[in-house]
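The next block is target06.cif, given as mmCIF, C-alpha atoms.
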data_run
loop_
_atom_site.group_PDB
_atom_site.id
_atom_site.type_symbol
_atom_site.label_atom_id
_atom_site.label_comp_id
_atom_site.auth_asym_id
_atom_site.auth_seq_id
_atom_site.Cartn_x
_atom_site.Cartn_y
_atom_site.Cartn_z
ATOM 1 C CA MET A 13 8.318 -10.097 -17.258
ATOM 2 C CA SER A 14 9.222 -9.770 -13.633
ATOM 3 C CA THR A 15 9.627 -6.257 -12.259
ATOM 4 C CA PRO A 16 10.105 -4.995 -8.687
ATOM 5 C CA ALA A 17 6.423 -3.991 -8.544
ATOM 6 C CA LYS A 18 5.284 -7.414 -9.719
ATOM 7 C CA ARG A 19 7.585 -9.220 -7.323
ATOM 8 C CA ARG A 20 6.230 -7.147 -4.464
ATOM 9 C CA LEU A 21 2.634 -7.848 -5.576
ATOM 10 C CA MET A 22 3.328 -11.574 -5.583
ATOM 11 C CA ARG A 23 4.514 -11.225 -1.984
ATOM 12 C CA ASP A 24 1.310 -9.342 -1.181
ATOM 13 C CA PHE A 25 -0.647 -12.191 -2.754
ATOM 14 C CA LYS A 26 1.228 -14.774 -0.729
ATOM 15 C CA ARG A 27 0.467 -12.828 2.422
ATOM 16 C CA MET A 28 -3.225 -12.601 1.494
ATOM 17 C CA GLN A 29 -3.336 -16.361 1.000
ATOM 18 C CA GLN A 30 -1.475 -17.297 4.159
ATOM 19 C CA ASP A 31 -2.640 -14.646 6.528
ATOM 20 C CA ALA A 32 -5.707 -12.825 5.176
ATOM 21 C CA PRO A 33 -7.346 -10.376 7.578
ATOM 22 C CA SER A 34 -10.894 -11.407 8.417
ATOM 23 C CA GLY A 35 -13.600 -10.088 6.154
ATOM 24 C CA VAL A 36 -11.411 -9.214 3.176
ATOM 25 C CA SER A 37 -10.161 -11.208 0.236
ATOM 26 C CA ALA A 38 -8.271 -10.265 -2.896
ATOM 27 C CA SER A 39 -6.449 -11.829 -5.783
ATOM 28 C CA PRO A 40 -4.762 -10.610 -8.951
ATOM 29 C CA LEU A 41 -6.342 -11.292 -12.322
ATOM 30 C CA PRO A 42 -4.999 -14.571 -13.734
ATOM 31 C CA ASP A 43 -3.301 -12.816 -16.642
ATOM 32 C CA ASN A 44 -2.276 -9.549 -14.975
ATOM 33 C CA VAL A 45 -0.785 -9.271 -11.519
ATOM 34 C CA MET A 46 -1.088 -5.452 -11.699
ATOM 35 C CA SER A 47 -4.906 -5.633 -11.518
ATOM 36 C CA TRP A 48 -6.657 -7.135 -8.537
ATOM 37 C CA ASN A 49 -10.218 -7.979 -7.652
ATOM 38 C CA ALA A 50 -11.122 -7.666 -3.994
ATOM 39 C CA VAL A 51 -14.114 -8.196 -1.749
ATOM 40 C CA ILE A 52 -14.706 -6.503 1.585
ATOM 41 C CA ILE A 53 -17.381 -7.947 3.838
ATOM 42 C CA GLY A 54 -19.229 -5.299 5.834
ATOM 43 C CA PRO A 55 -18.133 -5.513 9.484
ATOM 44 C CA ALA A 56 -20.538 -6.990 12.072
ATOM 45 C CA ASP A 57 -22.624 -4.609 14.212
ATOM 46 C CA THR A 58 -22.506 -1.878 11.569
ATOM 47 C CA PRO A 59 -25.077 -0.904 8.925
ATOM 48 C CA PHE A 60 -22.710 -2.483 6.375
ATOM 49 C CA GLU A 61 -22.905 -5.883 8.115
ATOM 50 C CA ASP A 62 -22.761 -8.841 5.731
ATOM 51 C CA GLY A 63 -22.527 -6.715 2.584
ATOM 52 C CA THR A 64 -20.161 -8.161 -0.029
ATOM 53 C CA PHE A 65 -18.586 -5.102 -1.580
ATOM 54 C CA ARG A 66 -16.391 -5.583 -4.614
ATOM 55 C CA LEU A 67 -13.406 -3.440 -5.524
ATOM 56 C CA ILE A 68 -10.767 -3.151 -8.207
ATOM 57 C CA LEU A 69 -7.187 -2.244 -7.367
ATOM 58 C CA GLN A 70 -4.976 -1.060 -10.203
ATOM 59 C CA PHE A 71 -1.228 -0.911 -9.536
ATOM 60 C CA ASP A 72 1.533 0.596 -11.645
ATOM 61 C CA GLU A 73 5.275 -0.005 -11.859
ATOM 62 C CA GLN A 74 5.908 2.606 -9.174
ATOM 63 C CA TYR A 75 4.225 0.471 -6.520
ATOM 64 C CA PRO A 76 4.913 0.391 -3.569
ATOM 65 C CA ASN A 77 6.352 3.889 -3.810
ATOM 66 C CA LYS A 78 3.018 5.088 -5.238
ATOM 67 C CA PRO A 79 -0.414 3.876 -4.088
ATOM 68 C CA PRO A 80 -2.719 1.874 -6.353
ATOM 69 C CA THR A 81 -5.951 3.296 -7.755
ATOM 70 C CA VAL A 82 -8.761 1.747 -5.748
ATOM 71 C CA LYS A 83 -12.380 1.758 -6.787
ATOM 72 C CA PHE A 84 -15.570 0.135 -5.566
ATOM 73 C CA ILE A 85 -17.463 -1.616 -8.337
ATOM 74 C CA SER A 86 -20.322 -2.415 -5.996
ATOM 75 C CA GLU A 87 -22.809 0.388 -5.451
ATOM 76 C CA MET A 88 -21.822 2.239 -2.261
ATOM 77 C CA PHE A 89 -23.570 4.778 -0.059
ATOM 78 C CA HIS A 90 -20.804 6.195 2.083
ATOM 79 C CA PRO A 91 -19.623 9.750 2.896
ATOM 80 C CA ASN A 92 -16.132 9.080 1.519
ATOM 81 C CA VAL A 93 -17.001 7.180 -1.665
ATOM 82 C CA TYR A 94 -17.688 9.101 -4.883
ATOM 83 C CA ALA A 95 -20.510 8.123 -7.234
ATOM 84 C CA SER A 96 -17.812 6.656 -9.518
ATOM 85 C CA GLY A 97 -16.796 4.259 -6.748
ATOM 86 C CA GLU A 98 -13.511 6.044 -6.120
ATOM 87 C CA LEU A 99 -12.523 6.645 -2.531
ATOM 88 C CA CYS A 100 -11.446 9.655 -0.575
ATOM 89 C CA LEU A 101 -8.995 8.077 1.842
ATOM 90 C CA ASP A 102 -5.833 9.816 3.039
ATOM 91 C CA ILE A 103 -3.638 6.725 3.007
ATOM 92 C CA LEU A 104 -4.400 6.242 -0.698
ATOM 93 C CA GLN A 105 -3.337 9.818 -1.368
ATOM 94 C CA ASN A 106 -1.085 12.114 0.612
ATOM 95 C CA ARG A 107 -0.512 9.765 3.539
ATOM 96 C CA TRP A 108 0.542 6.783 1.472
ATOM 97 C CA SER A 109 3.522 4.797 2.734
ATOM 98 C CA PRO A 110 5.431 2.081 0.860
ATOM 99 C CA THR A 111 5.051 -0.165 3.895
ATOM 100 C CA TYR A 112 1.356 -0.617 3.067
ATOM 101 C CA ASP A 113 0.289 -3.661 1.098
ATOM 102 C CA VAL A 114 -2.940 -5.075 -0.321
ATOM 103 C CA SER A 115 -3.861 -6.513 3.039
ATOM 104 C CA SER A 116 -3.443 -3.249 4.947
ATOM 105 C CA ILE A 117 -5.169 -1.183 2.229
ATOM 106 C CA LEU A 118 -8.249 -3.401 2.390
ATOM 107 C CA THR A 119 -8.255 -3.418 6.191
ATOM 108 C CA SER A 120 -8.158 0.387 6.177
ATOM 109 C CA ILE A 121 -11.069 0.574 3.749
ATOM 110 C CA GLN A 122 -12.980 -1.932 5.849
ATOM 111 C CA SER A 123 -12.589 0.210 8.942
ATOM 112 C CA LEU A 124 -13.459 3.354 6.968
ATOM 113 C CA LEU A 125 -16.905 1.863 6.311
ATOM 114 C CA ASN A 126 -18.176 2.419 9.839
ATOM 115 C CA ASP A 127 -15.855 5.276 10.658
ATOM 116 C CA PRO A 128 -16.360 7.835 7.892
ATOM 117 C CA ASN A 129 -14.490 11.109 7.763
ATOM 118 C CA ILE A 130 -17.264 13.696 7.627
ATOM 119 C CA LEU A 131 -14.852 16.594 7.131
ATOM 120 C CA SER A 132 -14.002 15.637 3.555
ATOM 121 C CA PRO A 133 -17.176 14.199 2.071
ATOM 122 C CA ALA A 134 -17.118 12.647 -1.390
ATOM 123 C CA ASN A 135 -20.852 12.009 -1.174
ATOM 124 C CA VAL A 136 -22.471 15.070 0.421
ATOM 125 C CA GLU A 137 -25.887 13.457 0.727
ATOM 126 C CA ALA A 138 -24.439 10.487 2.587
ATOM 127 C CA ALA A 139 -22.447 12.813 4.827
ATOM 128 C CA ASN A 140 -25.498 14.920 5.668
ATOM 129 C CA LEU A 141 -27.702 11.933 6.390
ATOM 130 C CA TYR A 142 -24.929 10.417 8.510
ATOM 131 C CA LYS A 143 -24.719 13.608 10.580
ATOM 132 C CA ASP A 144 -28.377 14.603 10.879
ATOM 133 C CA HIS A 145 -30.641 11.699 9.958
ATOM 134 C CA ARG A 146 -28.826 8.579 11.037
ATOM 135 C CA SER A 147 -31.806 6.247 10.644
ATOM 136 C CA GLN A 148 -32.272 7.291 7.013
ATOM 137 C CA TYR A 149 -28.556 6.868 6.459
ATOM 138 C CA VAL A 150 -28.706 3.337 7.832
ATOM 139 C CA LYS A 151 -31.684 2.557 5.600
ATOM 140 C CA ARG A 152 -29.824 3.699 2.490
ATOM 141 C CA VAL A 153 -26.744 1.697 3.467
ATOM 142 C CA ARG A 154 -28.850 -1.414 4.081
ATOM 143 C CA GLU A 155 -30.195 -1.048 0.539
ATOM 144 C CA THR A 156 -26.673 -1.148 -0.877
ATOM 145 C CA VAL A 157 -25.940 -4.182 1.300
ATOM 146 C CA GLU A 158 -28.890 -6.019 -0.237
ATOM 147 C CA ASN A 159 -27.857 -4.928 -3.724
ATOM 148 C CA SER A 160 -24.358 -6.241 -3.094
ATOM 149 C CA TRP A 161 -25.826 -9.727 -2.628
ATOM 150 C CA ASN A 162 -27.787 -9.528 -5.850
ATOM 151 C CA GLU A 163 -24.601 -8.722 -7.719
ATOM 152 C CA ASP A 164 -23.195 -12.047 -6.575
ATOM 153 C CA ASP A 165 -25.843 -13.832 -8.594
ATOM 154 C CA LEU A 166 -24.742 -11.974 -11.691
ATOM 155 C CA ASP A 167 -21.241 -13.333 -11.959
ATOM 156 C CA ASP A 168 -21.373 -13.303 -15.747
ATOM 157 C CA ASP A 169 -22.092 -9.592 -15.742
ATOM 158 C CA LEU A 170 -19.229 -8.994 -13.341
ATOM 159 C CA ASP A 171 -16.827 -10.838 -15.591
ATOM 160 C CA ASP A 172 -17.882 -8.555 -18.412
ATOM 161 C CA ASP A 173 -17.205 -5.560 -16.189
ATOM 162 C CA ASP A 174 -13.726 -6.846 -15.510
ATOM 163 C CA ILE A 175 -12.967 -7.063 -19.202
ATOM 164 C CA ASP A 176 -14.212 -3.528 -19.706
ATOM 165 C CA GLU A 177 -11.859 -2.323 -16.994
ATOM 166 C CA ASP A 178 -8.886 -3.736 -18.856
ATOM 167 C CA MET B 28 23.034 -25.225 -19.983
ATOM 168 C CA LYS B 29 22.064 -27.676 -17.244
ATOM 169 C CA VAL B 30 24.221 -28.085 -14.192
ATOM 170 C CA GLU B 31 23.868 -31.029 -11.900
ATOM 171 C CA ILE B 32 25.170 -30.515 -8.393
ATOM 172 C CA VAL B 33 26.686 -33.751 -7.243
ATOM 173 C CA GLU B 34 27.954 -32.736 -3.853
ATOM 174 C CA TRP B 35 28.352 -29.598 -1.774
ATOM 175 C CA HIS B 36 29.774 -28.658 1.587
ATOM 176 C CA ALA B 37 28.420 -25.643 3.369
ATOM 177 C CA PHE B 38 31.122 -24.017 5.437
ATOM 178 C CA SER B 39 29.746 -20.676 6.517
ATOM 179 C CA THR B 40 26.657 -18.561 6.700
ATOM 180 C CA TRP B 41 26.239 -14.839 7.202
ATOM 181 C CA HIS B 42 23.609 -12.363 8.254
ATOM 182 C CA TRP B 43 23.300 -8.672 8.815
ATOM 183 C CA ASP B 44 23.953 -7.726 12.398
ATOM 184 C CA ILE B 45 21.022 -5.449 13.066
ATOM 185 C CA PRO B 46 21.013 -4.169 16.633
ATOM 186 C CA GLY B 47 17.972 -4.859 18.748
ATOM 187 C CA THR B 48 16.182 -7.201 16.366
ATOM 188 C CA GLY B 49 15.743 -10.913 16.097
ATOM 189 C CA TYR B 50 17.288 -10.717 12.686
ATOM 190 C CA GLU B 51 16.068 -14.002 11.321
ATOM 191 C CA ASP B 52 12.518 -12.991 10.551
ATOM 192 C CA GLU B 53 13.243 -9.376 9.865
ATOM 193 C CA LEU B 54 11.824 -8.156 6.584
ATOM 194 C CA CYS B 55 12.412 -4.864 4.859
ATOM 195 C CA GLY B 56 9.114 -3.049 5.419
ATOM 196 C CA ILE B 57 9.127 -1.692 1.874
ATOM 197 C CA CYS B 58 9.843 -4.713 -0.334
ATOM 198 C CA ARG B 59 8.995 -7.358 2.310
ATOM 199 C CA VAL B 60 12.038 -9.418 1.475
ATOM 200 C CA SER B 61 14.276 -10.403 4.379
ATOM 201 C CA PHE B 62 17.247 -8.149 5.062
ATOM 202 C CA ASP B 63 19.549 -11.062 4.319
ATOM 203 C CA GLY B 64 17.956 -11.358 0.886
ATOM 204 C CA THR B 65 18.196 -8.663 -1.745
ATOM 205 C CA CYS B 66 15.928 -5.771 -2.613
ATOM 206 C CA PRO B 67 13.886 -6.418 -5.794
ATOM 207 C CA ASN B 68 16.454 -4.610 -7.936
ATOM 208 C CA CYS B 69 19.498 -6.616 -6.910
ATOM 209 C CA LYS B 70 20.797 -10.030 -7.787
ATOM 210 C CA TYR B 71 23.214 -10.689 -4.971
ATOM 211 C CA PRO B 72 22.698 -10.139 -1.250
ATOM 212 C CA GLY B 73 25.376 -8.756 1.019
ATOM 213 C CA ASP B 74 27.534 -5.715 0.398
ATOM 214 C CA GLY B 75 25.902 -5.057 -2.970
ATOM 215 C CA CYS B 76 22.512 -4.547 -1.325
ATOM 216 C CA PRO B 77 23.214 -3.068 2.109
ATOM 217 C CA ILE B 78 20.873 -2.164 4.944
ATOM 218 C CA VAL B 79 20.243 1.356 6.216
ATOM 219 C CA LEU B 80 19.686 1.738 9.939
ATOM 220 C CA GLY B 81 17.332 4.511 10.978
ATOM 221 C CA LEU B 82 18.726 7.116 13.355
ATOM 222 C CA GLY B 83 16.170 8.524 15.741
ATOM 223 C CA CYS B 84 13.577 6.006 14.761
ATOM 224 C CA SER B 85 14.757 2.411 14.827
ATOM 225 C CA HIS B 86 13.384 1.434 11.427
ATOM 226 C CA ASN B 87 15.671 -0.273 8.954
ATOM 227 C CA PHE B 88 15.386 -0.821 5.215
ATOM 228 C CA HIS B 89 17.354 -2.065 2.242
ATOM 229 C CA LEU B 90 19.391 0.925 1.075
ATOM 230 C CA HIS B 91 17.881 0.761 -2.414
ATOM 231 C CA CYS B 92 14.308 0.526 -1.095
ATOM 232 C CA ILE B 93 14.546 3.594 1.152
ATOM 233 C CA MET B 94 16.376 5.544 -1.587
ATOM 234 C CA LYS B 95 13.549 4.904 -4.045
ATOM 235 C CA TRP B 96 11.038 6.088 -1.464
ATOM 236 C CA LEU B 97 13.004 9.230 -0.596
ATOM 237 C CA GLU B 98 13.306 10.035 -4.303
ATOM 238 C CA GLN B 99 9.521 10.593 -4.286
ATOM 239 C CA ASP B 100 8.445 14.145 -3.447
ATOM 240 C CA THR B 101 5.437 12.627 -1.729
ATOM 241 C CA SER B 102 7.690 10.885 0.796
ATOM 242 C CA LYS B 103 8.392 14.340 2.311
ATOM 243 C CA GLY B 104 11.569 12.749 3.659
ATOM 244 C CA LEU B 105 9.647 10.753 6.259
ATOM 245 C CA CYS B 106 10.240 7.239 7.545
ATOM 246 C CA PRO B 107 7.626 4.989 5.879
ATOM 247 C CA MET B 108 6.981 3.252 9.197
ATOM 248 C CA CYS B 109 6.589 6.055 11.730
ATOM 249 C CA ARG B 110 6.503 9.266 9.628
ATOM 250 C CA GLN B 111 9.334 10.848 11.588
ATOM 251 C CA ILE B 112 11.907 12.671 9.524
ATOM 252 C CA PHE B 113 14.161 9.894 8.235
ATOM 253 C CA LEU B 114 17.778 10.094 9.343
ATOM 254 C CA PHE B 115 20.292 7.300 9.068
ATOM 255 C CA LYS B 116 23.349 5.839 10.719
ATOM 256 C CA GLU B 117 26.559 5.809 8.731
ATOM 257 C CA GLY B 118 28.747 2.802 8.381
ATOM 258 C CA THR B 119 26.648 -0.001 6.955
ATOM 259 C CA PHE B 120 27.290 1.040 3.349
ATOM 260 C CA GLY B 121 29.886 2.750 1.189
ATOM 261 C CA ALA B 122 30.729 6.446 1.137
ATOM 262 C CA GLU B 123 29.307 6.931 -2.346
ATOM 263 C CA ASP B 124 25.889 5.555 -1.368
ATOM 264 C CA GLY B 125 26.068 7.563 1.841
ATOM 265 C CA LYS B 126 26.460 10.767 -0.160
ATOM 266 C CA LYS B 127 23.486 9.934 -2.383
ATOM 267 C CA LEU B 128 21.293 9.172 0.594
ATOM 268 C CA GLN B 129 22.430 12.314 2.392
ATOM 269 C CA ARG B 130 21.557 14.377 -0.701
ATOM 270 C CA LEU B 131 18.008 13.009 -0.665
ATOM 271 C CA VAL B 132 17.622 13.677 3.061
ATOM 272 C CA ASP B 133 18.986 17.212 2.619
ATOM 273 C CA GLY B 134 16.682 17.858 -0.349
ATOM 274 C CA HIS B 135 13.615 17.146 1.752
ATOM 275 C CA LYS B 136 15.016 19.244 4.587
ATOM 276 C CA ALA B 137 15.380 22.188 2.181
ATOM 277 C CA THR B 138 11.796 21.697 0.955
ATOM 278 C CA ARG B 139 10.528 21.721 4.534
ATOM 279 C CA GLU B 140 12.457 24.881 5.328
ATOM 280 C CA ARG B 141 11.099 26.660 2.246
ATOM 281 C CA GLY B 142 7.779 26.664 4.051
ATOM 282 C CA PRO B 143 5.169 24.026 4.704
ATOM 283 C CA ASN B 144 2.303 25.883 2.996
ATOM 284 C CA GLU B 145 3.830 26.054 -0.421
ATOM 285 C CA SER B 146 4.815 22.410 -0.552
ATOM 286 C CA ASP B 147 1.510 21.232 0.942
ATOM 287 C CA GLN B 148 -0.366 22.979 -1.824
ATOM 288 C CA GLU B 149 1.805 21.236 -4.357
ATOM 289 C CA PHE B 150 0.977 17.899 -2.807
ATOM 290 C CA GLU B 151 -2.738 18.655 -2.718
ATOM 291 C CA ALA B 152 -2.773 19.629 -6.383
ATOM 292 C CA PHE B 153 -0.782 16.556 -7.277
ATOM 293 C CA ASP B 154 -3.120 14.334 -5.284
ATOM 294 C CA GLY B 155 -6.113 15.893 -6.976
ATOM 295 C CA GLN B 156 -4.753 15.016 -10.368
ATOM 296 C CA GLN B 157 -4.066 11.484 -9.285
ATOM 297 C CA VAL B 158 -7.623 10.931 -8.124
ATOM 298 C CA GLU B 159 -9.039 12.066 -11.434
#

Represent the structure contained in this file as structure tokens.
Amino acid sequence: MSTPAKRRLMRDFKRMQQDAPSGVSASPLPDNVMSWNAVIIGPADTPFEDGTFRLILQFDEQYPNKPPTVKFISEMFHPNVYASGELCLDILQNRWSPTYDVSSILTSIQSLLNDPNILSPANVEAANLYKDHRSQYVKRVRETVENSWNEDDLDDDLDDDDIDED
Amino acid sequence: MKVEIVEWHAFSTWHWDIPGTGYEDELCGICRVSFDGTCPNCKYPGDGCPIVLGLGCSHNFHLHCIMKWLEQDTSKGLCPMCRQIFLFKEGTFGAEDGKKLQRLVDGHKATRERGPNESDQEFEAFDGQQVE
């Protein structure tokens, strides 16, 4: 059944198809427009370069007046990403605006990768390494980048994960 | 029932006269449907789904879209585009809708005047629950 949230999500999808920002892609699940799979490619000239990081976005009927729940399913080592994959990002919480869409959410997360907010760490170890031992931080991030490629070979496993999420 | 249109003559077209914008491509920033179309809750464009013009900021929205946003506590009464306190120009919609919108704007004003600390804490707690 069509609802305002679903209609808006279909517009978001159209925008992603016609005018996707570089380095991000996203599409709703074939049978549920309220759940999306997304990939963010790590930006060039950053430790995250060329990583293929997967995320799940879960919307509810209050969208776009409420933000979606966004979660990395790829392993991440980042000061603002919890071990669960959930993010600490102001625009997904108290600075949400209904003018944001899938495209702008993913662009914000992409720029968060190389521009972490150290004041509100979700991963204290990552935050400390970022501040005091940058080379070790970069090494740990590069490991997650390599792991993100290995995941791509395991598409069957990922499909299973998606079913579990439902 | 199937209807076959044999012939039609277009004799007029209309659009919202929104000052300072090239109206044709203007979309409501909230629902992303053009102002001349309807918000996602309406069937018919035009007077039934009017536009609200921002006062102070120059951001415009479908009346129903901005009302839904201002009904959220988390909106804090701010314009979704520029985060200034949202105020509106009268005259593009009926008196009844105007009163409803004014009530929402006033509600947020009262919350702000009660003190920023108290309401901020509420938002933080609420956000915390959402993340869980």

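Residues with at least one atom no more than 9 Å from (14.6, 8.1, 7.7), using only C-alpha atoms, are Val79, Leu80, Gly81, Leu82, Gly83, Cys84, His86, Asn87, Ile93, Leu97, Gly104, Leu105, Cys106, Pro107, Arg110, Gln111, Ile112, Phe113, Leu114, Phe115 and Val132 of chain B.
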
Write out as a list in words the residues lying within 9 Å of stretch 63-67 of chain A, counting only C-alpha atoms and excluding same-chain residues fewer than 6 positions away.
Ala38, Trp48, Asn49, Ala50, Val51, Ile52, Ile53, Gly54, Pro55, Val82, Lys83, Phe84, Ile85, Ser86, Glu87, Met88, Gly97, Arg154, Thr156, Val157, Glu158, Asn159, Ser160, Trp161, Glu163 and Asp164 of chain A

Contacts of B:Ile78 within 8 Å, all atoms listed in the file, excl. fewer than 6 positions in-chain, as a ChimeraX atom specification:
/B:43,62,87-90,119-120

Produce a file of the selected residues containing C-alpha atoms, as a PDB file, keeping the file's coordinate frame.
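Output saved as part32.pdb:
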ATOM      1  CA  TRP B  43      23.300  -8.672   8.815  1.00  0.00           C
ATOM      2  CA  PHE B  62      17.247  -8.149   5.062  1.00  0.00           C
ATOM      3  CA  ASN B  87      15.671  -0.273   8.954  1.00  0.00           C
ATOM      4  CA  PHE B  88      15.386  -0.821   5.215  1.00  0.00           C
ATOM      5  CA  HIS B  89      17.354  -2.065   2.242  1.00  0.00           C
ATOM      6  CA  LEU B  90      19.391   0.925   1.075  1.00  0.00           C
ATOM      7  CA  THR B 119      26.648  -0.001   6.955  1.00  0.00           C
ATOM      8  CA  PHE B 120      27.290   1.040   3.349  1.00  0.00           C
TER       9      PHE B 120
END

Would you kindly identify which residues have an atom no farther than 10 Å from (14.4, 1.4, -4.1), using all atoms listed in the file and the file's own coordinates, and write them out as a ChimeraX atom specification?
/A:16,74,76-77 /B:57-58,66-69,88-98

Identify all chain A residues at most 7 Å from chain B by counting all atoms listed in the file; ligands do not count. Present them as a ChimeraX atom specification.
/A:16,20,77,105-106,109-111

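Those residues returned by the PyMOL selection byres ((chain A and resi 127-142) around 7) for this file are A:Phe89, A:His90, A:Pro91, A:Asn92, A:Val93, A:Tyr94, A:Cys100, A:Ser123, A:Leu124, A:Leu125, A:Asn126, A:Lys143, A:Asp144, A:His145, A:Arg146, A:Gln148, A:Tyr149.
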
Name all residues at most 12 Å from B:Asp63 (count all atoms listed in the file; drop same-chain ones fewer than 6 positions away) and give them as a PyMOL selection string.
chain B and resi 40-45+50-55+71-78+88-89

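Across the model, the gap from atom CA of A:Pro42 to atom CA of A:Glu73 is 17.9 Å.
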
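One distance worth recording is that between atom CA of B:Met28 and atom CA of A:Thr15, which is 24.5 Å.
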
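Taking atom CA of A:Ser14 as the reference point, atom CA of B:Asp100 is found at 26.0 Å.
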